[in-house]
Amino acid sequence: MIEITEKTDKDLRDFLVYLRAEKNASSHTYGNYFLDILHFALLLFKLDAKENSIDWKEVTVQDARKYIVLLQEESLSRTSIIRKVCAMRSFFRYLLREERITVNPFSGLTSPKKAKLLPKYFTVAEVGRLLDSVSPYWQDARIKGLSKSDESAAFSALRDSAILEVIYSGGLRISEAVGLNMGSIDLISGVMLVKGKGKKERYCALGGPAERVLRKYLAARNIRNSDRNKNAPLFLNQDGGRLTARSFQRNFKLYLLQAGLSPDMTPHKLRHSFATHLLDAGADLRSVQELLGHENLSTTQIYTHISAERLKNVYDMAHPRA
């Protein structure tokens with residue numbers, strides 16, 4: 001709880017004003033920084049900075065290192081330790097700028113590296129269940145009266161099936177999928193021109209299942225909207241405008257439920273699955289990098305760790321002397 005009084009350390013009070021007035025910090029950041037600095041003063045000085053003045057000039061680099069050790073001894077997560085160190089670094093940077101100290105003890109101090117979590121992904125079987133869940137969901141929606149009409153439900157089913165197939169077929173981000181235009185796809189050649197981050201364009205593949213459902217969707221789309229201009233949106237909402245990523249994400253959660261899959265999965269996990277399944281099947285890293293539109297190969301390499309982790313799990317379960 002934020003309780004600032006006249007007894008609160010003046011440097012701390014001034015820093016909090018600075019956070020509000022100059023940095024326009026959120027209430028969440030403001031509160032966390034306040035508590036983190038109080039925690040530091042309690043650990044290092046055995047004083048409550050809410051009720052006592054602190055001589056921040058006394059803090060040395062050795063004290064800053066000791067602080068990190070004490071945080072680790074408290075079994076805090078890496079994320080929490082990194083946040084607390086960032087708070088102290090910002091606080092002492094402010095004091096240095098105001099010439100209240102002569103050196104920032106946290107400057108150049110290495111924080112514990114944030115653990116790299118491997119991206120979640122669907123198995124091949126789970127992708128199949130997800131793709132197969134769309135039509136049954138909209139059939140149930142028609143029966144339960146959740147859809148405006150049979151035609152509306154059928155259109156949504158074809159459209160969302162096409163989006164899922166396109167994402168998984170080409171490794172697209174959801175924003176890239178809903179951003180496709182009529183001129184972006186070439187069903188004859190089986191490719192699509194995708195505009196990614198930084199307006200960079202790349203060609204992605206359209207697999208057989210994606211092509212087939214796209215043809216069915218386009219037939220339904222042409223009945224609803226006859227605009228076939230190359231810049232017209234490919235995926236439409238019920239009013240004939242471009243479907244938004246948020247709208248599709250809402251539907252995606254319903255399909256997860258229908259398929260009996262984890263509710264914390266997202267459309268982006270299909271992109272992770274695309275990369276992982278390609279590498280599992282023997283695709284080379286450079287090709288996957290190009291298909292994903294990654295600027296740096298190091299970004300793509302995370303998927304090799306997923307594949308390696310999966311192989312280790314298989315080994316541990318199968319080998320008699322694992």
# chains A, B, ... in the order shown; residues from 1 in each chain; ligands from 1

call {"tool": "select_by_dssp", "arguments": {"residues": "range 37-282 of chain A", "states": "helix (DSSP H, G or I)", "output": "PyMOL selection string"}}
result
chain A and resi 37-45+56-58+61-73+78-97+124-131+134-143+150-170+174-178+182-184+197-199+208-224+245-259+267-280

call {"tool": "residues_around", "arguments": {"residues": "Glu51 in chain A", "least_positions_apart": "5", "cutoff": "10 Å", "atoms": "only C-alpha atoms", "output": "list in words"}}
result
Glu3, Ile4, Thr5, Glu6, Lys7, Thr8 and Asp9 of chain A

call {"tool": "atom_distance", "arguments": {"atom1": "CA of Lys195 in chain A", "atom2": "CA of Glu176 in chain A"}}
result
6.3 Å

call {"tool": "closest_residue", "arguments": {"among": "A:Leu71, A:Asp11, A:Ser152, A:Gly260", "to": "Asp239 in chain A", "atoms": "only C-alpha atoms"}}
result
A:Ser152

call {"tool": "residues_around", "arguments": {"residues": "Tyr303 in chain A", "least_positions_apart": "6", "cutoff": "8 Å", "atoms": "only C-alpha atoms", "output": "ChimeraX atom specification"}}
result
/A:118-119,272,275-276,279

call {"tool": "write_last_selection", "arguments": {"atoms": "N, CA and C atoms", "output": "PDB file, in the first residue's frame"}}
result
ATOM      1  N   LEU A 118      10.711 -21.829 -23.883  1.00  0.00           N
ATOM      2  CA  LEU A 118      10.462 -22.361 -25.213  1.00  0.00           C
ATOM      3  C   LEU A 118       9.014 -22.097 -25.605  1.00  0.00           C
ATOM      4  N   PRO A 119       8.777 -21.668 -26.828  1.00  0.00           N
ATOM      5  CA  PRO A 119       7.407 -21.389 -27.268  1.00  0.00           C
ATOM      6  C   PRO A 119       6.534 -22.636 -27.206  1.00  0.00           C
ATOM      7  N   HIS A 272       4.169 -21.148 -34.350  1.00  0.00           N
ATOM      8  CA  HIS A 272       5.211 -21.932 -33.698  1.00  0.00           C
ATOM      9  C   HIS A 272       5.163 -23.392 -34.160  1.00  0.00           C
ATOM     10  N   ALA A 275       6.684 -23.964 -37.682  1.00  0.00           N
ATOM     11  CA  ALA A 275       8.153 -24.009 -37.685  1.00  0.00           C
ATOM     12  C   ALA A 275       8.665 -25.294 -37.059  1.00  0.00           C
ATOM     13  N   THR A 276       8.079 -25.678 -35.937  1.00  0.00           N
ATOM     14  CA  THR A 276       8.527 -26.879 -35.236  1.00  0.00           C
ATOM     15  C   THR A 276       8.315 -28.130 -36.071  1.00  0.00           C
ATOM     16  N   LEU A 279      10.877 -28.376 -38.959  1.00  0.00           N
ATOM     17  CA  LEU A 279      12.208 -28.793 -38.507  1.00  0.00           C
ATOM     18  C   LEU A 279      12.214 -30.259 -38.092  1.00  0.00           C
TER      19      LEU A 279
END

call {"tool": "residues_around", "arguments": {"residues": "range 201-206 of chain A", "least_positions_apart": "4", "cutoff": "8 Å", "atoms": "only C-alpha atoms", "output": "list in words"}}
result
Val166, Ser169, Gly170, Gly171, Leu187, Gly190, Val191, Met192, Leu193, Val194, Lys195, Gly196, Ala210, Glu211, Glu290, Leu291 and Gly293 of chain A

call {"tool": "closest_residue", "arguments": {"among": "A:Glu58, A:Thr244, A:Ala154, A:Gly183", "to": "Asn231 in chain A", "atoms": "only C-alpha atoms"}}
result
A:Gly183

call {"tool": "select_by_dssp", "arguments": {"residues": "range 49-199 of chain A", "states": "strand (DSSP E or B)", "output": "PyMOL selection string"}}
result
chain A and resi 181+185-186+191-195

call {"tool": "decode", "arguments": {"residues": "range 197-212 of chain A", "atoms": "N, CA and C atoms", "output": "CSV table (one decimal), in the first residue's frame"}}
result
chain,number,residue,atom,x,y,z
A,197,LYS,N,6.2,-7.8,-40.7
A,197,LYS,CA,6.6,-6.7,-39.8
A,197,LYS,C,7.5,-5.7,-40.7
A,198,GLY,N,7.4,-4.5,-40.4
A,198,GLY,CA,8.2,-3.5,-41.1
A,198,GLY,C,7.8,-3.4,-42.6
A,199,LYS,N,6.6,-3.8,-42.9
A,199,LYS,CA,6.1,-3.8,-44.3
A,199,LYS,C,6.9,-4.7,-45.2
A,200,LYS,N,7.7,-5.6,-44.7
A,200,LYS,CA,8.5,-6.5,-45.5
A,200,LYS,C,7.6,-7.6,-46.1
A,201,GLU,N,7.8,-7.8,-47.4
A,201,GLU,CA,7.0,-8.8,-48.0
A,201,GLU,C,7.8,-10.1,-48.2
A,202,ARG,N,7.1,-11.2,-48.2
A,202,ARG,CA,7.7,-12.6,-48.4
A,202,ARG,C,6.6,-13.5,-49.0
A,203,TYR,N,7.1,-14.5,-49.7
A,203,TYR,CA,6.2,-15.5,-50.3
A,203,TYR,C,6.1,-16.6,-49.3
A,204,CYS,N,4.8,-17.1,-49.1
A,204,CYS,CA,4.5,-18.2,-48.3
A,204,CYS,C,3.8,-19.3,-49.1
A,205,ALA,N,3.9,-20.5,-48.7
A,205,ALA,CA,3.3,-21.6,-49.4
A,205,ALA,C,1.8,-21.8,-49.0
A,206,LEU,N,1.0,-22.2,-50.0
A,206,LEU,CA,-0.4,-22.7,-49.7
A,206,LEU,C,-0.4,-24.2,-50.0
A,207,GLY,N,-0.6,-24.9,-48.9
A,207,GLY,CA,-0.7,-26.4,-49.1
A,207,GLY,C,-2.0,-26.8,-49.7
A,208,GLY,N,-2.1,-28.0,-50.1
A,208,GLY,CA,-3.4,-28.5,-50.7
A,208,GLY,C,-4.6,-28.3,-49.9
A,209,PRO,N,-4.7,-28.6,-48.6
A,209,PRO,CA,-5.9,-28.4,-47.8
A,209,PRO,C,-6.2,-26.9,-47.7
A,210,ALA,N,-5.2,-26.0,-47.6
A,210,ALA,CA,-5.4,-24.6,-47.6
A,210,ALA,C,-6.0,-24.1,-48.9
A,211,GLU,N,-5.5,-24.6,-50.0
A,211,GLU,CA,-6.1,-24.2,-51.3
A,211,GLU,C,-7.5,-24.6,-51.4
A,212,ARG,N,-7.8,-25.8,-51.0
A,212,ARG,CA,-9.2,-26.3,-51.2
A,212,ARG,C,-10.2,-25.6,-50.4
